[in-house]
Amino acid sequence: MGLGFGIRIGYPCINNSIPHTSPSTFRLASYSENKLVQTVKGNLYHLAQILKYNVKNNLLFFRISSDLIPFASHPICKLDWRALFQSELEQIGDYIKQHDIRISMHPDQFVILNSPNDVILKNSINELTYHCKILDTMRLDATAKVQIHVGGAYGNKVKAIDRFVNTYNNDSLIDDVIKRRLVIENDDRLFNIMDCLSINKHTGIPIVFDCFHHELYCNGEPLKVALCGALLTWNKDIDGSPMVDYSSSNNKAGRKDGKSRKGKHAETINAILFKKFLEETEGLDFDIILEIKDKEKSALKGLKKLKEFGN
DNA sequence: AGCAGTCAAGCATTA
DNA sequence: TAATGCTTGACTGCT
């Protein structure tokens, strides 16, 4: 149970070391089925390339971009992409399983399960269904997660939390396809780790602990206390090892506007802070996504630190 | 080729 | 009232 054995390190969505592998998309105005098919083909090919790079470099956690299939949940998309790309998705899934790669996806800010607006809720559920179907078609087990934030506060956090819980617990709204993968993450200004834990109590939903958000917004709980709270919400046999997002602040000095860039992610990993984080959390098991702008470069540095620390 | 405006979607904050 | 930031980047049309 020494540190460094269980921990997998990864990064989100983009690899800048391999040319042209950013997931590509296009404008709704220029939508055509042919364009979609060509784009998805390219995206799947590049995803496979990135995963190979990751395995070669021992980066065994990856967040797959929501742009893998552009407009998949938009009404304009009539393409049966599951059928069309089943074999490519299965092959990628096989590779993921073969190398024990941890996978997550992170739909963007438009997915809001506690919205009082039925249309927004419906669109959100469609978007979640799309994400889960990708992972299902890859035949990944329930350790592949789809992570979202709690949503909006709408001026009343207690009611907003209640609405999340009620929606989540309503089986006619959220089915098991989504439930087996959905996890929530503490955000940087509305719903902190205590709020997430309270939602967990009423839903059982696992919590991704975001260290950086916790630093920006919490009730003063020490890092380790908050982190342990989140870790306990994961059922290891089903959900796998808990997921943690790590970043630090972008404190580039001497910006013209003189503003603090507090909410921004760092350009590159601060090795000293990351080492401190590893020291503080020694003995705990989880997988880490490094949400840092230079992506795989920082992930490699982080991995190096982790290995030094384990020795 | 390079530039600037713009991009499906929501919410909260700031100017 | 409008712009900005969020995982922010990259598509697009214009020069």
# chains A, B, ... in the order shown; residues from 1 in each chain; ligands from 1
call {"tool": "interface_residues", "arguments": {"of": "chain A", "to": "chain C", "cutoff": "12 Å", "atoms": "only C-alpha atoms (C1' of nucleotides)", "output": "ChimeraX atom specification"}}
result
/A:11-14,20,22-30,63-67,105-110,147-149,187-189,245,247,261-265,289-293,295
call {"tool": "closest_atom_pairs", "arguments": {"of": "chain A", "to": "chain B", "cutoff": "12 Å", "atoms": "only C-alpha atoms (C1' of nucleotides)", "output": "CSV"}}
result
residue,atom,partner,partner_atom,distance
A:Thr25,CA,B:DC7,C1',10.5
A:Phe26,CA,B:DC7,C1',8.8
A:Arg27,CA,B:DC7,C1',6.7
A:Leu28,CA,B:DA8,C1',7.4
A:Ala29,CA,B:DC7,C1',9.9
A:Ser30,CA,B:DC7,C1',11.6
A:Tyr31,CA,B:DA8,C1',11.9
A:Pro70,CA,B:DA8,C1',10.1
A:Phe71,CA,B:DA8,C1',7.8
A:Ala72,CA,B:DA8,C1',10.8
A:Ser73,CA,B:DA8,C1',9.6
A:His74,CA,B:DA8,C1',7.4
A:Pro75,CA,B:DA8,C1',10.1
A:Ile76,CA,B:DA8,C1',10.3
A:Cys77,CA,B:DA8,C1',11.9
A:Pro107,CA,B:DA9,C1',11.1
A:Asp108,CA,B:DA9,C1',9.2
A:Gln109,CA,B:DG10,C1',6.7
A:Phe110,CA,B:DG10,C1',5.3
A:Val111,CA,B:DG10,C1',8.1
A:Ile112,CA,B:DG10,C1',7.8
A:Leu113,CA,B:DG10,C1',11.3
A:Asn114,CA,B:DG10,C1',11.4
A:Ser115,CA,B:DG10,C1',9.2
A:Pro116,CA,B:DG10,C1',11.8
A:Asn117,CA,B:DG10,C1',10.8
A:Val119,CA,B:DA9,C1',10.8
A:Ile120,CA,B:DA9,C1',8.4
A:Leu121,CA,B:DG10,C1',11.0
A:Lys122,CA,B:DA9,C1',11.5
A:Asn123,CA,B:DA9,C1',8.1
A:Ser124,CA,B:DA9,C1',8.9
A:Asn126,CA,B:DA9,C1',11.5
A:Glu127,CA,B:DA9,C1',9.9
A:His149,CA,B:DC11,C1',11.9
A:Val150,CA,B:DC11,C1',11.7
A:Gly151,CA,B:DC11,C1',8.2
A:Gly152,CA,B:DC11,C1',6.0
A:Ala153,CA,B:DC11,C1',8.4
A:Tyr154,CA,B:DC11,C1',8.4
A:Gly155,CA,B:DA12,C1',10.0
A:Asp188,CA,B:DA12,C1',11.7
A:Arg189,CA,B:DA12,C1',9.2
A:Leu190,CA,B:DA12,C1',9.2
call {"tool": "write_last_selection", "arguments": {"atoms": "C-alpha atoms", "output": "tab-separated table (two decimals), in the first residue's frame"}}
result
chain	number	residue	atom	x	y	z
A	25	THR	CA	-15.10	19.91	-34.60
A	26	PHE	CA	-16.87	22.35	-36.86
A	27	ARG	CA	-19.61	24.96	-36.86
A	28	LEU	CA	-23.24	24.03	-36.70
A	29	ALA	CA	-23.79	26.24	-39.74
A	30	SER	CA	-21.55	24.00	-41.81
A	31	TYR	CA	-23.06	20.75	-40.58
A	70	PRO	CA	-19.62	16.78	-32.53
A	71	PHE	CA	-23.31	17.60	-32.18
A	72	ALA	CA	-24.07	14.05	-31.09
A	73	SER	CA	-26.85	15.23	-28.77
A	74	HIS	CA	-28.07	18.01	-31.03
A	75	PRO	CA	-31.37	17.45	-32.91
A	76	ILE	CA	-29.53	18.06	-36.17
A	77	CYS	CA	-27.65	14.80	-35.74
A	107	PRO	CA	-19.40	17.26	-20.28
A	108	ASP	CA	-19.21	21.03	-20.21
A	109	GLN	CA	-21.05	23.70	-18.28
A	110	PHE	CA	-24.30	23.30	-20.17
A	111	VAL	CA	-25.12	20.04	-18.46
A	112	ILE	CA	-27.17	21.07	-15.46
A	113	LEU	CA	-29.24	18.46	-13.70
A	114	ASN	CA	-30.65	20.85	-11.11
A	115	SER	CA	-32.06	23.32	-13.61
A	116	PRO	CA	-35.66	24.37	-12.92
A	117	ASN	CA	-36.08	24.59	-16.70
A	119	VAL	CA	-35.80	21.99	-21.60
A	120	ILE	CA	-32.35	22.54	-20.09
A	121	LEU	CA	-32.80	19.38	-18.03
A	122	LYS	CA	-33.83	17.38	-21.07
A	123	ASN	CA	-30.88	18.66	-23.11
A	124	SER	CA	-28.57	17.86	-20.22
A	126	ASN	CA	-29.42	13.87	-23.76
A	127	GLU	CA	-25.85	15.06	-23.47
A	149	HIS	CA	-20.68	19.86	-11.58
A	150	VAL	CA	-23.77	20.13	-9.40
A	151	GLY	CA	-25.19	23.01	-11.46
A	152	GLY	CA	-26.61	26.43	-10.70
A	153	ALA	CA	-27.56	27.91	-7.32
A	154	TYR	CA	-30.42	30.08	-8.56
A	155	GLY	CA	-30.21	32.18	-5.43
A	188	ASP	CA	-14.79	26.70	-7.27
A	189	ARG	CA	-17.63	28.98	-6.11
A	190	LEU	CA	-21.09	27.40	-5.73
call {"tool": "atom_distance", "arguments": {"atom1": "CA of Lys35 (chain A)", "atom2": "CA of Trp81 (chain A)"}}
result
12.9 Å
call {"tool": "select_by_dssp", "arguments": {"residues": "region 51-115 of chain A", "states": "helix (DSSP H, G or I)", "output": "PyMOL selection string"}}
result
chain A and resi 51-56+66-68+81-84+86-98
call {"tool": "select_by_dssp", "arguments": {"residues": "region 42-81 of chain A", "states": "strand (DSSP E)", "output": "PyMOL selection string"}}
result
chain A and resi 61-64
